[in-house]
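Asks: Data: protein37.cif, mmCIF, C-alpha atoms.
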```cif
data_query
#
loop_
_atom_site.label_atom_id
_atom_site.label_comp_id
_atom_site.auth_asym_id
_atom_site.auth_seq_id
_atom_site.Cartn_x
_atom_site.Cartn_y
_atom_site.Cartn_z
CA ARG Q 359 8.59 -1.54 84.85
CA ILE Q 360 12.03 -2.00 83.37
CA LEU Q 361 10.76 -4.86 81.34
CA ASP Q 362 8.04 -2.64 79.91
CA LEU Q 363 10.56 0.00 79.05
CA ILE Q 364 12.87 -2.52 77.42
CA ALA Q 365 9.94 -3.88 75.42
CA GLU Q 366 8.95 -0.39 74.36
CA ILE Q 367 12.56 0.41 73.39
CA GLU Q 368 12.67 -2.72 71.26
CA ARG Q 369 9.38 -1.80 69.57
CA THR Q 370 10.63 1.69 68.97
CA ASN Q 371 13.93 0.35 67.57
CA GLU Q 372 12.05 -2.07 65.30
CA GLN Q 373 9.81 0.71 64.11
CA SER Q 374 12.88 2.95 63.53
CA GLU Q 375 14.55 0.15 61.53
CA ARG Q 376 11.43 -0.32 59.42
CA ILE Q 377 11.24 3.42 58.79
CA LEU Q 378 14.95 3.49 57.95
CA LEU Q 379 14.56 0.51 55.60
CA TYR Q 380 11.57 2.17 53.97
CA ARG Q 381 13.60 5.37 53.59
CA HIS Q 382 16.49 3.46 51.94
CA GLN Q 383 13.99 1.83 49.57
CA LEU Q 384 12.50 5.21 48.67
CA ASN Q 385 15.99 6.68 48.08
CA TYR Q 386 16.87 3.69 45.87
CA ILE Q 387 13.66 4.11 43.85
CA HIS Q 388 14.25 7.87 43.60
CA HIS Q 389 17.79 7.25 42.31
CA ARG Q 390 16.51 4.69 39.74
CA VAL Q 391 13.78 7.08 38.55
CA ARG Q 392 16.34 9.87 38.00
CA LYS Q 393 18.70 7.45 36.22
CA ASN Q 394 15.86 6.09 34.05
CA SER Q 395 14.71 9.61 33.30
CA VAL Q 396 18.15 10.47 31.93
CA VAL Q 397 18.22 7.23 29.89
CA TRP Q 398 14.71 7.88 28.55
CA ASP Q 399 15.58 11.48 27.71
CA SER Q 400 18.60 10.24 25.78
CA HIS Q 401 16.56 7.55 24.06
CA ILE Q 402 13.81 10.02 23.11
CA SER Q 403 16.42 12.44 21.81
CA GLU Q 404 17.92 9.69 19.60
CA MET Q 405 14.47 8.72 18.38
CA SER Q 406 13.74 12.37 17.52
CA GLN Q 407 16.95 12.55 15.50
CA THR Q 408 16.08 9.29 13.74
CA LEU Q 409 12.60 10.57 12.98
CA SER Q 410 14.02 13.79 11.60
CA SER Q 411 16.49 11.95 9.36
CA LEU Q 412 13.73 9.58 8.18
CA LYS Q 413 11.52 12.55 7.28
CA SER Q 414 14.32 14.11 5.23
CA GLU Q 415 14.98 10.72 3.57
CA LYS Q 416 11.26 10.44 2.78
CA ASP Q 417 11.31 13.91 1.21
CA ARG Q 418 14.39 12.99 -0.82
CA CYS Q 419 12.73 9.75 -1.99
CA GLN Q 420 9.57 11.63 -2.96
CA ASN Q 421 11.65 14.10 -4.98
CA MET Q 422 13.44 11.23 -6.71
CA LEU Q 423 10.10 9.52 -7.39
CA GLY Q 424 8.83 12.74 -8.96
CA GLU Q 425 11.91 12.92 -11.17
CA VAL Q 426 11.53 9.27 -12.18
CA GLU Q 427 7.84 9.77 -12.99
CA ALA Q 428 8.65 12.86 -15.05
CA GLY Q 429 11.38 10.94 -16.90
CA PHE Q 430 9.01 8.03 -17.48
CA LEU Q 431 6.34 10.35 -18.86
CA LEU Q 432 8.87 12.01 -21.17
CA ALA Q 433 10.18 8.62 -22.36
CA LYS Q 434 6.64 7.38 -22.94
CA THR Q 435 5.79 10.50 -24.93
CA GLU Q 436 8.94 10.12 -27.04
CA PHE Q 437 8.20 6.43 -27.56
CA ASP Q 438 4.63 7.18 -28.68
CA GLU Q 439 5.89 9.85 -31.07
CA SER Q 440 8.56 7.51 -32.47
CA SER Q 441 5.98 4.75 -32.87
CA ARG Q 442 3.71 7.09 -34.84
CA GLU Q 443 6.63 8.15 -37.04
CA VAL Q 444 7.64 4.53 -37.69
CA ARG Q 445 4.04 3.58 -38.48
CA ALA Q 446 3.69 6.55 -40.84
CA ALA Q 447 7.01 5.69 -42.54
CA GLY Q 448 5.87 2.06 -42.97
CA GLU Q 449 2.58 3.17 -44.48
CA GLU Q 450 4.44 5.50 -46.84
CA ARG Q 451 6.78 2.67 -47.90
CA ASN Q 452 3.77 0.42 -48.52
CA ARG Q 453 2.13 3.11 -50.68
CA GLU Q 454 5.36 3.57 -52.63
CA LEU Q 455 5.69 -0.20 -53.08
CA ILE Q 456 2.13 -0.45 -54.37
CA LEU Q 457 2.77 2.45 -56.78
CA LYS Q 458 5.98 0.81 -58.03
CA GLN Q 459 4.16 -2.49 -58.51
CA MET Q 460 1.40 -0.71 -60.44
CA GLU Q 461 4.00 1.06 -62.58
CA GLU Q 462 5.75 -2.25 -63.26
CA ASN Q 463 2.45 -3.91 -64.13
CA ASN Q 464 1.48 -1.03 -66.43
CA ALA Q 465 4.93 -1.09 -68.05
CA SER Q 466 4.69 -4.82 -68.74
CA LYS Q 467 1.17 -4.35 -70.17
CA MET Q 468 2.48 -1.50 -72.30
CA GLU Q 469 5.36 -3.69 -73.52
CA VAL Q 470 2.98 -6.51 -74.41
CA TRP Q 471 0.73 -4.03 -76.23
CA ASN Q 472 3.75 -2.52 -78.04
CA ASN Q 473 4.99 -5.99 -79.06
CA LYS Q 474 1.54 -6.85 -80.40
CA ARG Q 475 1.38 -3.56 -82.29
CA VAL Q 476 4.83 -4.09 -83.83
CA SER Q 477 4.00 -7.70 -84.67
CA SER Q 478 0.73 -6.70 -86.26
CA SER Q 479 2.57 -3.97 -88.20
CA ILE Q 480 5.03 -6.54 -89.43
CA GLU Q 481 2.21 -8.90 -90.34
CA ILE Q 482 0.38 -6.12 -92.15
CA ASN Q 483 3.52 -5.21 -94.05
CA GLN Q 484 4.11 -8.85 -94.94
CA SER Q 485 0.51 -9.34 -95.99
CA PHE Q 486 0.74 -6.43 -98.34
CA GLY Q 487 3.65 -8.22 -99.89
CA GLY Q 488 5.64 -5.22 -100.86
CA ALA Q 489 6.97 -4.51 -97.40
CA ASP Q 490 10.27 -2.93 -97.26
CA LYS Q 491 12.84 -5.32 -95.75
CA GLN Q 492 14.73 -2.51 -94.10
CA GLU Q 493 11.58 -1.30 -92.34
CA MET Q 494 10.99 -4.78 -90.95
CA GLU Q 495 14.53 -5.05 -89.71
CA ARG Q 496 14.26 -1.63 -88.08
CA LEU Q 497 11.02 -2.62 -86.29
CA GLN Q 498 12.50 -5.94 -85.15
CA LYS Q 499 15.59 -4.14 -83.91
CA GLY Q 500 13.35 -1.69 -81.98
CA ILE Q 501 11.55 -4.63 -80.34
CA LYS Q 502 14.84 -6.22 -79.32
CA ASP Q 503 16.16 -2.90 -77.95
CA ARG Q 504 13.05 -2.41 -75.82
CA GLN Q 505 13.20 -5.95 -74.53
CA SER Q 506 16.86 -5.54 -73.55
CA GLN Q 507 16.02 -2.23 -71.82
CA LEU Q 508 13.29 -3.94 -69.79
CA ASP Q 509 15.57 -6.82 -68.88
CA HIS Q 510 18.10 -4.41 -67.43
#
```
As a first step, turn the structure in this file into structure tokens.

Replies:
Amino acid sequence: RILDLIAEIERTNEQSERILLYRHQLNYIHHRVRKNSVVWDSHISEMSQTLSSLKSEKDRCQNMLGEVEAGFLLAKTEFDESSREVRAAGEERNRELILKQMEENNASKMEVWNNKRVSSSIEINQSFGGADKQEMERLQKGIKDRQSQLDH
């Protein structure tokens, strides 16, 4: 009978040790869960702050992008306007150049015509024989004056 009791005591002690070990394991796990919970709460809090700062940075970047786009649009508009003005000024210069060339061409034609007229006047006066020498000199002097004016 004593042997049975001793065997039962040993079984009971073994079972108590297993229960005690299991209890220590549960306490350890409980302690780790609480510790991890605090760490995770801290980590989540940091992530929330990071997310908040990233959202404000995104808003700031979007505002800057809007300002850049507005500046780009303004610069493009000013460039287009300047390009039109430069093109119009170039066209105006070309028109003025063409007019000046036409005036020069007409002036040279007029000079040739005038020279022919004076020469034919001189020839007519010479052919009539009684041409006044002073009149011829005056006409020749007029031709020379006009030629010197054109050369300048």

Asks: Taking 4 positions as the minimum chain separation for residues in the same chain, which residues sit within 12 Å of Ser466 in chain Q when counting all atoms listed in the file? Answer as a list of chain:residue names.

Replies: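 Close residues of Ser466 in chain Q: Q:Gln459, Q:Met460, Q:Glu461, Q:Glu462, Q:Val470, Q:Trp471, Q:Asn472, Q:Asn473, Q:Arg504, Q:Gln505, Q:Leu508, Q:Asp509.
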
Asks: I need the residues from that last selection saved to file as a short mmCIF file (atom, residue, chain, number, x, y, z; two decimals), keeping the file's coordinate frame (with C-alpha atoms), if you can.

Replies:
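The file below, out.cif, is the result:
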```
data_model
loop_
_atom_site.label_atom_id
_atom_site.label_comp_id
_atom_site.auth_asym_id
_atom_site.auth_seq_id
_atom_site.Cartn_x
_atom_site.Cartn_y
_atom_site.Cartn_z
CA GLN Q 459 4.16 -2.49 -58.51
CA MET Q 460 1.40 -0.71 -60.44
CA GLU Q 461 4.00 1.06 -62.58
CA GLU Q 462 5.75 -2.25 -63.26
CA VAL Q 470 2.98 -6.51 -74.41
CA TRP Q 471 0.73 -4.03 -76.23
CA ASN Q 472 3.75 -2.52 -78.04
CA ASN Q 473 4.99 -5.99 -79.06
CA ARG Q 504 13.05 -2.41 -75.82
CA GLN Q 505 13.20 -5.95 -74.53
CA LEU Q 508 13.29 -3.94 -69.79
CA ASP Q 509 15.57 -6.82 -68.88
#
```

Asks: Could you work out how far CA of Glu425 in chain Q lies from CA of Lys413 in chain Q, giving the answer in Å with one decimal?

Replies: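 So the two atoms, CA of Lys413 in chain Q and CA of Glu425 in chain Q, lie 18.5 Å apart.
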
Asks: To one decimal in Å, tell me the separation between CA of Ser506 in chain Q and CA of Met468 in chain Q.

Replies: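 About the pair CA of Ser506 in chain Q and CA of Met468 in chain Q: they are 15.0 Å apart.
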
Asks: To one decimal place, how far is CA of Ile482 in chain Q from CA of Gly500 in chain Q in Å?

Replies: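 Distance reported for this atom pair: 17.1 Å.
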
Asks: Counting only C-alpha atoms, which of Q:Val397, Q:Ile480, Q:Glu449, Q:Thr370 gets nearest to Arg496 in chain Q?

Replies: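 So, comparing all the options, the nearest one is Q:Ile480.
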